[in-house]
>>> print(open('structure.cif').read())   # mmCIF, N, CA and C atoms
data_entry
loop_
_atom_site.label_atom_id
_atom_site.label_comp_id
_atom_site.auth_asym_id
_atom_site.auth_seq_id
_atom_site.Cartn_x
_atom_site.Cartn_y
_atom_site.Cartn_z
N MET P 1 -15.07 -37.02 -42.20
CA MET P 1 -15.43 -37.89 -41.09
C MET P 1 -16.04 -37.04 -39.99
N ARG P 2 -17.14 -37.52 -39.40
CA ARG P 2 -17.78 -36.82 -38.28
C ARG P 2 -17.14 -37.31 -36.98
N VAL P 3 -16.70 -36.33 -36.19
CA VAL P 3 -16.09 -36.67 -34.90
C VAL P 3 -16.72 -35.83 -33.80
N ILE P 4 -16.57 -36.32 -32.58
CA ILE P 4 -16.98 -35.57 -31.39
C ILE P 4 -15.70 -35.08 -30.73
N LEU P 5 -15.61 -33.77 -30.54
CA LEU P 5 -14.41 -33.20 -29.91
C LEU P 5 -14.46 -33.47 -28.41
N LEU P 6 -13.34 -33.92 -27.86
CA LEU P 6 -13.26 -34.21 -26.43
C LEU P 6 -12.62 -33.07 -25.65
N GLN P 7 -12.12 -32.08 -26.38
CA GLN P 7 -11.53 -30.87 -25.79
C GLN P 7 -11.79 -29.71 -26.73
N ASP P 8 -11.64 -28.48 -26.24
CA ASP P 8 -11.68 -27.32 -27.12
C ASP P 8 -10.45 -27.39 -28.01
N ILE P 9 -10.64 -27.22 -29.32
CA ILE P 9 -9.52 -27.24 -30.25
C ILE P 9 -9.61 -25.97 -31.09
N GLU P 10 -8.56 -25.16 -31.02
CA GLU P 10 -8.54 -23.89 -31.72
C GLU P 10 -8.80 -24.09 -33.21
N LYS P 11 -9.63 -23.26 -33.78
CA LYS P 11 -10.00 -23.26 -35.20
C LYS P 11 -10.77 -24.50 -35.64
N VAL P 12 -11.16 -25.37 -34.69
CA VAL P 12 -11.97 -26.54 -35.04
C VAL P 12 -13.31 -26.47 -34.32
N GLY P 13 -13.28 -26.36 -32.99
CA GLY P 13 -14.53 -26.28 -32.25
C GLY P 13 -14.35 -26.47 -30.76
N LYS P 14 -15.46 -26.47 -30.06
CA LYS P 14 -15.48 -26.59 -28.60
C LYS P 14 -15.72 -28.03 -28.18
N LYS P 15 -15.39 -28.29 -26.92
CA LYS P 15 -15.58 -29.62 -26.33
C LYS P 15 -17.02 -30.09 -26.51
N TYR P 16 -17.18 -31.35 -26.89
CA TYR P 16 -18.46 -32.04 -27.09
C TYR P 16 -19.23 -31.59 -28.32
N GLU P 17 -18.60 -30.80 -29.20
CA GLU P 17 -19.26 -30.46 -30.46
C GLU P 17 -19.01 -31.58 -31.46
N VAL P 18 -19.97 -31.79 -32.35
CA VAL P 18 -19.80 -32.75 -33.44
C VAL P 18 -19.35 -31.96 -34.66
N LYS P 19 -18.21 -32.36 -35.23
CA LYS P 19 -17.63 -31.61 -36.36
C LYS P 19 -17.29 -32.56 -37.50
N GLU P 20 -17.32 -32.01 -38.68
CA GLU P 20 -16.90 -32.74 -39.89
C GLU P 20 -15.46 -32.32 -40.16
N VAL P 21 -14.55 -33.29 -40.14
CA VAL P 21 -13.14 -33.02 -40.42
C VAL P 21 -12.64 -34.01 -41.47
N THR P 22 -11.49 -33.75 -42.05
CA THR P 22 -10.96 -34.68 -43.05
C THR P 22 -10.59 -35.99 -42.37
N ASP P 23 -10.69 -37.09 -43.11
CA ASP P 23 -10.37 -38.41 -42.57
C ASP P 23 -8.95 -38.45 -42.01
N GLY P 24 -8.01 -37.92 -42.77
CA GLY P 24 -6.60 -37.95 -42.35
C GLY P 24 -6.38 -37.19 -41.05
N TYR P 25 -6.98 -36.01 -40.93
CA TYR P 25 -6.82 -35.20 -39.71
C TYR P 25 -7.38 -35.95 -38.51
N ALA P 26 -8.54 -36.61 -38.71
CA ALA P 26 -9.16 -37.36 -37.62
C ALA P 26 -8.30 -38.58 -37.25
N ARG P 27 -7.93 -39.38 -38.25
CA ARG P 27 -7.20 -40.64 -37.97
C ARG P 27 -5.76 -40.42 -37.51
N ASN P 28 -5.10 -39.41 -38.07
CA ASN P 28 -3.67 -39.22 -37.79
C ASN P 28 -3.39 -38.27 -36.64
N PHE P 29 -4.34 -37.43 -36.30
CA PHE P 29 -4.06 -36.44 -35.26
C PHE P 29 -5.07 -36.46 -34.12
N LEU P 30 -6.33 -36.16 -34.44
CA LEU P 30 -7.34 -35.98 -33.38
C LEU P 30 -7.57 -37.24 -32.54
N ILE P 31 -7.83 -38.35 -33.18
CA ILE P 31 -8.17 -39.58 -32.45
C ILE P 31 -6.95 -40.14 -31.70
N PRO P 32 -5.76 -40.25 -32.34
CA PRO P 32 -4.60 -40.79 -31.59
C PRO P 32 -4.22 -39.93 -30.37
N LYS P 33 -4.43 -38.63 -30.44
CA LYS P 33 -4.07 -37.75 -29.32
C LYS P 33 -5.19 -37.66 -28.28
N GLY P 34 -6.28 -38.37 -28.51
CA GLY P 34 -7.38 -38.35 -27.55
C GLY P 34 -8.16 -37.04 -27.56
N LEU P 35 -8.10 -36.32 -28.68
CA LEU P 35 -8.79 -35.04 -28.78
C LEU P 35 -10.21 -35.19 -29.33
N ALA P 36 -10.46 -36.35 -29.95
CA ALA P 36 -11.78 -36.57 -30.55
C ALA P 36 -12.05 -38.06 -30.64
N LYS P 37 -13.32 -38.40 -30.87
CA LYS P 37 -13.68 -39.79 -31.16
C LYS P 37 -14.70 -39.79 -32.27
N VAL P 38 -14.78 -40.90 -32.98
CA VAL P 38 -15.68 -41.00 -34.11
C VAL P 38 -17.12 -40.85 -33.62
N ALA P 39 -17.93 -40.12 -34.37
CA ALA P 39 -19.31 -39.82 -33.97
C ALA P 39 -20.24 -40.98 -34.35
N THR P 40 -20.13 -42.08 -33.62
CA THR P 40 -21.04 -43.21 -33.83
C THR P 40 -22.35 -42.91 -33.11
N ARG P 41 -23.36 -43.76 -33.34
CA ARG P 41 -24.66 -43.57 -32.69
C ARG P 41 -24.50 -43.63 -31.16
N GLU P 42 -23.70 -44.61 -30.67
CA GLU P 42 -23.47 -44.75 -29.23
C GLU P 42 -22.74 -43.53 -28.67
N ALA P 43 -21.76 -43.07 -29.42
CA ALA P 43 -20.98 -41.90 -28.98
C ALA P 43 -21.87 -40.67 -28.89
N LEU P 44 -22.80 -40.53 -29.83
CA LEU P 44 -23.70 -39.38 -29.80
C LEU P 44 -24.64 -39.43 -28.60
N LYS P 45 -25.08 -40.66 -28.23
CA LYS P 45 -25.90 -40.80 -27.02
C LYS P 45 -25.07 -40.43 -25.79
N TRP P 46 -23.82 -40.91 -25.75
CA TRP P 46 -22.90 -40.61 -24.64
C TRP P 46 -22.71 -39.11 -24.49
N ILE P 47 -22.53 -38.44 -25.64
CA ILE P 47 -22.30 -36.99 -25.61
C ILE P 47 -23.51 -36.25 -25.04
N GLN P 48 -24.71 -36.74 -25.34
CA GLN P 48 -25.93 -36.11 -24.82
C GLN P 48 -25.96 -36.20 -23.30
N VAL P 49 -25.59 -37.37 -22.78
CA VAL P 49 -25.55 -37.58 -21.33
C VAL P 49 -24.51 -36.65 -20.70
N GLN P 50 -23.34 -36.53 -21.34
CA GLN P 50 -22.28 -35.66 -20.82
C GLN P 50 -22.74 -34.20 -20.76
N LYS P 51 -23.43 -33.77 -21.82
CA LYS P 51 -23.93 -32.38 -21.85
C LYS P 51 -24.94 -32.13 -20.72
N GLU P 52 -25.82 -33.10 -20.49
CA GLU P 52 -26.81 -32.96 -19.42
C GLU P 52 -26.13 -32.88 -18.06
N ILE P 53 -25.10 -33.70 -17.86
CA ILE P 53 -24.35 -33.67 -16.60
C ILE P 53 -23.69 -32.29 -16.42
N LEU P 54 -23.08 -31.79 -17.49
CA LEU P 54 -22.44 -30.47 -17.42
C LEU P 54 -23.46 -29.37 -17.12
N GLU P 55 -24.63 -29.44 -17.74
CA GLU P 55 -25.67 -28.43 -17.50
C GLU P 55 -26.11 -28.44 -16.04
N LYS P 56 -26.29 -29.65 -15.48
CA LYS P 56 -26.70 -29.75 -14.08
C LYS P 56 -25.62 -29.19 -13.16
N LYS P 57 -24.35 -29.51 -13.46
CA LYS P 57 -23.24 -28.97 -12.66
C LYS P 57 -23.23 -27.45 -12.74
N ALA P 58 -23.43 -26.91 -13.95
CA ALA P 58 -23.42 -25.46 -14.13
C ALA P 58 -24.55 -24.81 -13.35
N GLU P 59 -25.73 -25.44 -13.34
CA GLU P 59 -26.87 -24.90 -12.58
C GLU P 59 -26.56 -24.87 -11.09
N VAL P 60 -26.01 -25.98 -10.59
CA VAL P 60 -25.67 -26.06 -9.17
C VAL P 60 -24.62 -25.01 -8.82
N GLU P 61 -23.60 -24.87 -9.68
CA GLU P 61 -22.54 -23.90 -9.46
C GLU P 61 -23.10 -22.48 -9.46
N LEU P 62 -23.98 -22.17 -10.42
CA LEU P 62 -24.59 -20.85 -10.49
C LEU P 62 -25.38 -20.56 -9.21
N LYS P 63 -26.13 -21.54 -8.73
CA LYS P 63 -26.92 -21.36 -7.50
C LYS P 63 -26.01 -21.06 -6.32
N LYS P 64 -24.89 -21.81 -6.22
CA LYS P 64 -23.94 -21.57 -5.12
C LYS P 64 -23.40 -20.15 -5.18
N VAL P 65 -23.00 -19.71 -6.39
CA VAL P 65 -22.44 -18.36 -6.54
C VAL P 65 -23.51 -17.32 -6.20
N GLN P 66 -24.74 -17.53 -6.66
CA GLN P 66 -25.83 -16.58 -6.36
C GLN P 66 -26.07 -16.49 -4.85
N ASP P 67 -26.06 -17.62 -4.16
CA ASP P 67 -26.25 -17.61 -2.71
C ASP P 67 -25.12 -16.83 -2.03
N PHE P 68 -23.89 -17.09 -2.46
CA PHE P 68 -22.74 -16.42 -1.88
C PHE P 68 -22.82 -14.91 -2.11
N VAL P 69 -23.18 -14.51 -3.34
CA VAL P 69 -23.29 -13.09 -3.67
C VAL P 69 -24.36 -12.43 -2.81
N SER P 70 -25.49 -13.10 -2.61
CA SER P 70 -26.55 -12.49 -1.81
C SER P 70 -26.13 -12.35 -0.34
N ARG P 71 -25.27 -13.27 0.14
CA ARG P 71 -24.80 -13.16 1.54
C ARG P 71 -23.76 -12.04 1.70
N ILE P 72 -22.94 -11.84 0.68
CA ILE P 72 -21.84 -10.87 0.82
C ILE P 72 -22.27 -9.45 0.40
N ASP P 73 -23.30 -9.35 -0.42
CA ASP P 73 -23.74 -8.04 -0.92
C ASP P 73 -24.17 -7.16 0.24
N GLY P 74 -23.63 -5.94 0.29
CA GLY P 74 -23.97 -4.99 1.36
C GLY P 74 -23.16 -5.18 2.63
N LEU P 75 -22.28 -6.16 2.65
CA LEU P 75 -21.46 -6.43 3.83
C LEU P 75 -20.54 -5.23 4.13
N GLU P 76 -20.37 -4.94 5.40
CA GLU P 76 -19.44 -3.89 5.81
C GLU P 76 -18.17 -4.54 6.34
N VAL P 77 -17.04 -4.09 5.83
CA VAL P 77 -15.74 -4.62 6.26
C VAL P 77 -14.99 -3.48 6.93
N VAL P 78 -14.74 -3.62 8.23
CA VAL P 78 -14.04 -2.58 8.97
C VAL P 78 -12.56 -2.95 9.04
N ILE P 79 -11.72 -2.01 8.59
CA ILE P 79 -10.28 -2.25 8.61
C ILE P 79 -9.63 -1.15 9.44
N PRO P 80 -9.20 -1.47 10.68
CA PRO P 80 -8.51 -0.48 11.49
C PRO P 80 -7.04 -0.39 11.07
N VAL P 81 -6.54 0.85 10.94
CA VAL P 81 -5.13 1.05 10.56
C VAL P 81 -4.49 2.11 11.45
N LYS P 82 -3.19 2.02 11.56
CA LYS P 82 -2.45 3.05 12.31
C LYS P 82 -2.38 4.30 11.45
N ILE P 83 -2.53 5.45 12.12
CA ILE P 83 -2.44 6.70 11.37
C ILE P 83 -1.43 7.62 12.04
N GLY P 84 -0.92 8.54 11.24
CA GLY P 84 0.06 9.49 11.74
C GLY P 84 -0.61 10.71 12.34
N GLU P 85 0.20 11.65 12.80
CA GLU P 85 -0.34 12.85 13.45
C GLU P 85 -1.18 13.69 12.50
N GLU P 86 -0.90 13.62 11.22
CA GLU P 86 -1.66 14.41 10.25
C GLU P 86 -2.78 13.57 9.63
N ARG P 87 -3.19 12.52 10.32
CA ARG P 87 -4.28 11.62 9.94
C ARG P 87 -4.02 10.88 8.64
N GLN P 88 -2.73 10.76 8.27
CA GLN P 88 -2.41 9.97 7.09
C GLN P 88 -2.25 8.51 7.49
N LEU P 89 -2.60 7.60 6.59
CA LEU P 89 -2.49 6.18 6.89
C LEU P 89 -1.03 5.74 6.78
N PHE P 90 -0.61 4.83 7.66
CA PHE P 90 0.72 4.26 7.57
C PHE P 90 0.78 3.16 6.52
N GLU P 91 -0.38 2.70 6.07
CA GLU P 91 -0.43 1.67 5.03
C GLU P 91 -1.66 1.92 4.18
N SER P 92 -1.59 1.53 2.90
CA SER P 92 -2.77 1.71 2.06
C SER P 92 -3.57 0.41 2.05
N ILE P 93 -4.85 0.54 1.78
CA ILE P 93 -5.76 -0.61 1.77
C ILE P 93 -5.81 -1.13 0.34
N THR P 94 -5.34 -2.35 0.15
CA THR P 94 -5.25 -2.98 -1.17
C THR P 94 -6.29 -4.10 -1.28
N PRO P 95 -6.51 -4.60 -2.49
CA PRO P 95 -7.41 -5.76 -2.63
C PRO P 95 -6.97 -6.94 -1.76
N GLN P 96 -5.66 -7.11 -1.60
CA GLN P 96 -5.13 -8.20 -0.76
C GLN P 96 -5.63 -8.05 0.68
N LYS P 97 -5.53 -6.84 1.21
CA LYS P 97 -5.95 -6.59 2.59
C LYS P 97 -7.46 -6.80 2.76
N ILE P 98 -8.23 -6.36 1.77
CA ILE P 98 -9.69 -6.54 1.82
C ILE P 98 -10.02 -8.04 1.76
N SER P 99 -9.31 -8.75 0.91
CA SER P 99 -9.51 -10.20 0.77
C SER P 99 -9.23 -10.91 2.09
N GLU P 100 -8.13 -10.54 2.76
CA GLU P 100 -7.79 -11.14 4.05
C GLU P 100 -8.86 -10.84 5.10
N LYS P 101 -9.37 -9.60 5.11
CA LYS P 101 -10.40 -9.22 6.07
C LYS P 101 -11.69 -10.00 5.82
N LEU P 102 -12.04 -10.19 4.54
CA LEU P 102 -13.23 -10.97 4.20
C LEU P 102 -13.06 -12.43 4.64
N LYS P 103 -11.84 -12.95 4.49
CA LYS P 103 -11.56 -14.33 4.88
C LYS P 103 -11.76 -14.50 6.38
N GLU P 104 -11.33 -13.49 7.16
CA GLU P 104 -11.53 -13.52 8.61
C GLU P 104 -13.02 -13.59 8.95
N SER P 105 -13.86 -13.00 8.10
CA SER P 105 -15.30 -13.00 8.32
C SER P 105 -15.97 -14.25 7.73
N GLY P 106 -15.16 -15.14 7.16
CA GLY P 106 -15.71 -16.39 6.63
C GLY P 106 -16.09 -16.34 5.17
N PHE P 107 -15.62 -15.34 4.43
CA PHE P 107 -15.94 -15.22 3.01
C PHE P 107 -14.65 -15.39 2.19
N GLU P 108 -14.59 -16.49 1.43
CA GLU P 108 -13.43 -16.74 0.58
C GLU P 108 -13.55 -15.91 -0.70
N VAL P 109 -12.78 -14.83 -0.80
CA VAL P 109 -12.78 -13.99 -1.99
C VAL P 109 -11.33 -13.76 -2.37
N LYS P 110 -10.99 -14.03 -3.63
CA LYS P 110 -9.63 -13.82 -4.09
C LYS P 110 -9.40 -12.34 -4.35
N LYS P 111 -8.17 -11.90 -4.20
CA LYS P 111 -7.88 -10.46 -4.37
C LYS P 111 -8.19 -9.99 -5.79
N ASN P 112 -8.06 -10.87 -6.80
CA ASN P 112 -8.33 -10.43 -8.17
C ASN P 112 -9.83 -10.28 -8.45
N GLN P 113 -10.69 -10.71 -7.51
CA GLN P 113 -12.13 -10.52 -7.66
C GLN P 113 -12.57 -9.15 -7.14
N ILE P 114 -11.69 -8.50 -6.38
CA ILE P 114 -12.02 -7.21 -5.77
C ILE P 114 -11.66 -6.11 -6.76
N ASP P 115 -12.69 -5.36 -7.15
CA ASP P 115 -12.52 -4.32 -8.17
C ASP P 115 -12.22 -2.99 -7.49
N LEU P 116 -10.94 -2.74 -7.30
CA LEU P 116 -10.49 -1.52 -6.64
C LEU P 116 -9.54 -0.81 -7.60
N LYS P 117 -9.96 0.34 -8.11
CA LYS P 117 -9.15 1.05 -9.12
C LYS P 117 -7.78 1.42 -8.57
N GLU P 118 -7.77 1.93 -7.35
CA GLU P 118 -6.48 2.25 -6.70
C GLU P 118 -6.62 2.03 -5.21
N SER P 119 -5.50 1.81 -4.56
CA SER P 119 -5.52 1.55 -3.11
C SER P 119 -6.17 2.70 -2.36
N ILE P 120 -6.82 2.36 -1.24
CA ILE P 120 -7.45 3.37 -0.39
C ILE P 120 -6.37 3.93 0.53
N LYS P 121 -6.26 5.27 0.58
CA LYS P 121 -5.18 5.90 1.33
C LYS P 121 -5.68 6.90 2.36
N GLU P 122 -6.97 6.76 2.75
CA GLU P 122 -7.51 7.70 3.74
C GLU P 122 -8.59 7.02 4.57
N LEU P 123 -8.92 7.63 5.71
CA LEU P 123 -10.00 7.12 6.55
C LEU P 123 -11.33 7.38 5.87
N GLY P 124 -12.32 6.52 6.16
CA GLY P 124 -13.65 6.76 5.62
C GLY P 124 -14.31 5.47 5.16
N GLU P 125 -15.47 5.65 4.49
CA GLU P 125 -16.23 4.53 3.95
C GLU P 125 -16.11 4.54 2.44
N PHE P 126 -15.92 3.35 1.86
CA PHE P 126 -15.72 3.25 0.42
C PHE P 126 -16.51 2.07 -0.14
N PRO P 127 -17.35 2.33 -1.17
CA PRO P 127 -18.04 1.20 -1.82
C PRO P 127 -17.04 0.47 -2.72
N VAL P 128 -17.03 -0.85 -2.64
CA VAL P 128 -16.10 -1.65 -3.44
C VAL P 128 -16.87 -2.79 -4.08
N LYS P 129 -16.69 -2.96 -5.38
CA LYS P 129 -17.36 -4.06 -6.10
C LYS P 129 -16.52 -5.32 -6.01
N VAL P 130 -17.22 -6.45 -5.87
CA VAL P 130 -16.58 -7.77 -5.87
C VAL P 130 -17.20 -8.55 -7.02
N ARG P 131 -16.36 -9.03 -7.93
CA ARG P 131 -16.86 -9.73 -9.13
C ARG P 131 -16.75 -11.24 -8.96
N PHE P 132 -17.76 -11.95 -9.48
CA PHE P 132 -17.81 -13.40 -9.38
C PHE P 132 -18.05 -14.00 -10.76
N GLU P 133 -17.97 -15.35 -10.83
CA GLU P 133 -18.27 -16.04 -12.08
C GLU P 133 -19.71 -15.77 -12.47
N HIS P 134 -20.04 -16.10 -13.70
CA HIS P 134 -21.39 -15.94 -14.25
C HIS P 134 -21.79 -14.46 -14.30
N ASN P 135 -20.80 -13.57 -14.40
CA ASN P 135 -21.04 -12.12 -14.49
C ASN P 135 -21.84 -11.57 -13.31
N LEU P 136 -21.69 -12.17 -12.15
CA LEU P 136 -22.38 -11.67 -10.95
C LEU P 136 -21.43 -10.77 -10.17
N GLU P 137 -21.98 -9.81 -9.48
CA GLU P 137 -21.15 -8.96 -8.63
C GLU P 137 -21.93 -8.52 -7.40
N ALA P 138 -21.16 -8.15 -6.39
CA ALA P 138 -21.74 -7.65 -5.14
C ALA P 138 -21.02 -6.37 -4.79
N GLU P 139 -21.65 -5.56 -3.95
CA GLU P 139 -20.97 -4.35 -3.49
C GLU P 139 -20.85 -4.43 -1.97
N ILE P 140 -19.63 -4.24 -1.51
CA ILE P 140 -19.39 -4.22 -0.06
C ILE P 140 -18.95 -2.81 0.32
N ARG P 141 -19.01 -2.50 1.61
CA ARG P 141 -18.53 -1.21 2.10
C ARG P 141 -17.28 -1.45 2.91
N VAL P 142 -16.19 -0.84 2.49
CA VAL P 142 -14.94 -0.94 3.23
C VAL P 142 -14.86 0.31 4.11
N ILE P 143 -14.77 0.08 5.41
CA ILE P 143 -14.72 1.20 6.36
C ILE P 143 -13.33 1.21 6.98
N VAL P 144 -12.58 2.25 6.67
CA VAL P 144 -11.21 2.38 7.18
C VAL P 144 -11.29 3.27 8.43
N THR P 145 -10.88 2.71 9.58
CA THR P 145 -10.94 3.44 10.85
C THR P 145 -9.56 3.53 11.47
N GLU P 146 -9.44 4.42 12.44
CA GLU P 146 -8.17 4.55 13.17
C GLU P 146 -8.04 3.40 14.14
N GLN P 147 -6.87 2.79 14.14
CA GLN P 147 -6.61 1.68 15.07
C GLN P 147 -6.32 2.28 16.43
N LYS P 148 -7.09 1.82 17.42
CA LYS P 148 -6.91 2.31 18.78
C LYS P 148 -5.76 1.55 19.43
N ASN P 149 -4.85 2.26 20.04
CA ASN P 149 -3.77 1.59 20.76
C ASN P 149 -4.31 1.14 22.10
N GLY P 150 -4.03 -0.11 22.40
CA GLY P 150 -4.59 -0.47 23.67
C GLY P 150 -4.15 -1.79 24.09
#
>>> encode(input="structure.cif", output="structure tokens")
Amino acid sequence: MRVILLQDIEKVGKKYEVKEVTDGYARNFLIPKGLAKVATREALKWIQVQKEILEKKAEVELKKVQDFVSRIDGLEVVIPVKIGEERQLFESITPQKISEKLKESGFEVKKNQIDLKESIKELGEFPVKVRFEHNLEAEIRVIVTEQKNG
């Protein structure tokens, strides 16, 4: 029986694919659980419309991400921290801290998108990669400075 998958199903196929499965598997499992529907002529037309809608959404999403990446690429993020007498930092700079600083600047970036091999533990400038969907990335400069008491 030819069916249209309504969800990704392991070892069968991806959402909106048309697959040939046994009649029993389709009638007893896939269709009753809402995982597939019979591939009628109307259903195939419906699936084409769904794919076009998904493609348009993906294009719009990609454009949004590209715009965001172009705005954030090259951005400098200054993080003032307290330092000790021997110029050691009282705290290390983690992806969480960078994410919070970016949020203050109006850029929503999750900490798991910030590619930092290890926390920054000294003053200076550091290039940091930020990864996004669609395999896009940007590079920002994290500048760790001494916090002035005042």
>>> residues_around(input="structure.cif", residues="Leu6 in chain P", least_positions_apart="5", cutoff="6 Å", atoms="all atoms listed in the file", output="ChimeraX atom specification")
/P:15-16,34-37
>>> resolve_selection(input="structure.cif", expression="the PyMOL selection byres (((chain P and resi 20 and name CA) around 6) and name CA)", output="mmCIF file with N, CA and C atoms, keeping the file's coordinate frame")
data_model
loop_
_atom_site.group_PDB
_atom_site.id
_atom_site.type_symbol
_atom_site.label_atom_id
_atom_site.label_comp_id
_atom_site.auth_asym_id
_atom_site.auth_seq_id
_atom_site.Cartn_x
_atom_site.Cartn_y
_atom_site.Cartn_z
ATOM 1 N N MET P 1 -15.070 -37.020 -42.200
ATOM 2 C CA MET P 1 -15.430 -37.890 -41.090
ATOM 3 C C MET P 1 -16.040 -37.040 -39.990
ATOM 4 N N ARG P 2 -17.140 -37.520 -39.400
ATOM 5 C CA ARG P 2 -17.780 -36.820 -38.280
ATOM 6 C C ARG P 2 -17.140 -37.310 -36.980
ATOM 7 N N LYS P 19 -18.210 -32.360 -35.230
ATOM 8 C CA LYS P 19 -17.630 -31.610 -36.360
ATOM 9 C C LYS P 19 -17.290 -32.560 -37.500
ATOM 10 N N VAL P 21 -14.550 -33.290 -40.140
ATOM 11 C CA VAL P 21 -13.140 -33.020 -40.420
ATOM 12 C C VAL P 21 -12.640 -34.010 -41.470
#
>>> select_by_dssp(input="structure.cif", residues="chain P", states="alpha helix (DSSP H)", output="VMD selection string")
chain P and resid 23 to 25 41 to 72 95 to 104
>>> residues_around(input="structure.cif", residues="range 121-137 of chain P", least_positions_apart="3", cutoff="9 Å", atoms="only C-alpha atoms", output="list in words")
Leu62, Val65, Gln66, Val69, Asp73, Val78, Val81, Ile83, Arg87, Gln88, Leu89, Phe90, Glu91, Ser92, Ile93, Val109, Asn112, Gln113, Ile114, Asp115, Leu116, Glu118, Ile140, Arg141, Val142, Ile143, Val144, Thr145 and Glu146 of chain P
>>> atom_distance(input="structure.cif", atom1="CA of Ser70 in chain P", atom2="atom C of Glu108 in chain P")
13.5 Å
>>> atom_distance(input="structure.cif", atom1="CA of Asp23 in chain P", atom2="atom C of Gln50 in chain P")
25.4 Å
>>> atom_distance(input="structure.cif", atom1="atom C of Ala138 in chain P", atom2="CA of Lys56 in chain P")
25.8 Å
>>> closest_residue(input="structure.cif", among="P:Tyr25, P:Glu139, P:Ser105, P:Glu52", to="Val12 in chain P", atoms="only C-alpha atoms")
P:Tyr25
>>> select_by_dssp(input="structure.cif", residues="range 4-128 of chain P", states="strand (DSSP E)", output="list in words")
Ile4, Leu5, Val18, Lys19, Glu20, Ala36, Lys37, Val38, Glu76, Val77, Val78, Ile79, Pro80, Val81, Ile114, Asp115, Gly124, Glu125, Phe126, Pro127 and Val128 of chain P
>>> resolve_selection(input="structure.cif", expression="the PyMOL selection byres ((chain P and resi 38) around 8)", output="short mmCIF file (atom, residue, chain, number, x, y, z; two decimals) with N, CA and C atoms, in the frame of the given file")
data_model
loop_
_atom_site.label_atom_id
_atom_site.label_comp_id
_atom_site.auth_asym_id
_atom_site.auth_seq_id
_atom_site.Cartn_x
_atom_site.Cartn_y
_atom_site.Cartn_z
N MET P 1 -15.07 -37.02 -42.20
CA MET P 1 -15.43 -37.89 -41.09
C MET P 1 -16.04 -37.04 -39.99
N ARG P 2 -17.14 -37.52 -39.40
CA ARG P 2 -17.78 -36.82 -38.28
C ARG P 2 -17.14 -37.31 -36.98
N VAL P 3 -16.70 -36.33 -36.19
CA VAL P 3 -16.09 -36.67 -34.90
C VAL P 3 -16.72 -35.83 -33.80
N ILE P 4 -16.57 -36.32 -32.58
CA ILE P 4 -16.98 -35.57 -31.39
C ILE P 4 -15.70 -35.08 -30.73
N LEU P 5 -15.61 -33.77 -30.54
CA LEU P 5 -14.41 -33.20 -29.91
C LEU P 5 -14.46 -33.47 -28.41
N ILE P 31 -7.83 -38.35 -33.18
CA ILE P 31 -8.17 -39.58 -32.45
C ILE P 31 -6.95 -40.14 -31.70
N ALA P 36 -10.46 -36.35 -29.95
CA ALA P 36 -11.78 -36.57 -30.55
C ALA P 36 -12.05 -38.06 -30.64
N LYS P 37 -13.32 -38.40 -30.87
CA LYS P 37 -13.68 -39.79 -31.16
C LYS P 37 -14.70 -39.79 -32.27
N ALA P 39 -17.93 -40.12 -34.37
CA ALA P 39 -19.31 -39.82 -33.97
C ALA P 39 -20.24 -40.98 -34.35
N THR P 40 -20.13 -42.08 -33.62
CA THR P 40 -21.04 -43.21 -33.83
C THR P 40 -22.35 -42.91 -33.11
N ARG P 41 -23.36 -43.76 -33.34
CA ARG P 41 -24.66 -43.57 -32.69
C ARG P 41 -24.50 -43.63 -31.16
N GLU P 42 -23.70 -44.61 -30.67
CA GLU P 42 -23.47 -44.75 -29.23
C GLU P 42 -22.74 -43.53 -28.67
N ALA P 43 -21.76 -43.07 -29.42
CA ALA P 43 -20.98 -41.90 -28.98
C ALA P 43 -21.87 -40.67 -28.89
N LEU P 44 -22.80 -40.53 -29.83
CA LEU P 44 -23.70 -39.38 -29.80
C LEU P 44 -24.64 -39.43 -28.60
#
>>> decode(input="structure.cif", residues="range 46-54 of chain P", atoms="N, CA and C atoms", output="short mmCIF file (atom, residue, chain, number, x, y, z; two decimals), in the first residue's frame")
data_model
loop_
_atom_site.label_atom_id
_atom_site.label_comp_id
_atom_site.auth_asym_id
_atom_site.auth_seq_id
_atom_site.Cartn_x
_atom_site.Cartn_y
_atom_site.Cartn_z
N TRP P 46 -2.35 17.48 -1.91
CA TRP P 46 -2.23 18.13 -0.59
C TRP P 46 -0.77 18.15 -0.15
N ILE P 47 -0.09 17.02 -0.35
CA ILE P 47 1.32 16.91 0.07
C ILE P 47 2.19 17.90 -0.69
N GLN P 48 1.88 18.11 -1.98
CA GLN P 48 2.65 19.06 -2.79
C GLN P 48 2.51 20.47 -2.22
N VAL P 49 1.28 20.83 -1.84
CA VAL P 49 1.03 22.15 -1.25
C VAL P 49 1.79 22.29 0.07
N GLN P 50 1.77 21.23 0.89
CA GLN P 50 2.47 21.26 2.18
C GLN P 50 3.97 21.47 1.98
N LYS P 51 4.53 20.76 1.00
CA LYS P 51 5.98 20.90 0.72
C LYS P 51 6.32 22.33 0.29
N GLU P 52 5.47 22.92 -0.54
CA GLU P 52 5.71 24.29 -1.00
C GLU P 52 5.65 25.26 0.18
N ILE P 53 4.69 25.06 1.07
CA ILE P 53 4.58 25.91 2.27
C ILE P 53 5.85 25.78 3.12
N LEU P 54 6.30 24.54 3.31
CA LEU P 54 7.52 24.32 4.11
C LEU P 54 8.73 24.97 3.45
#
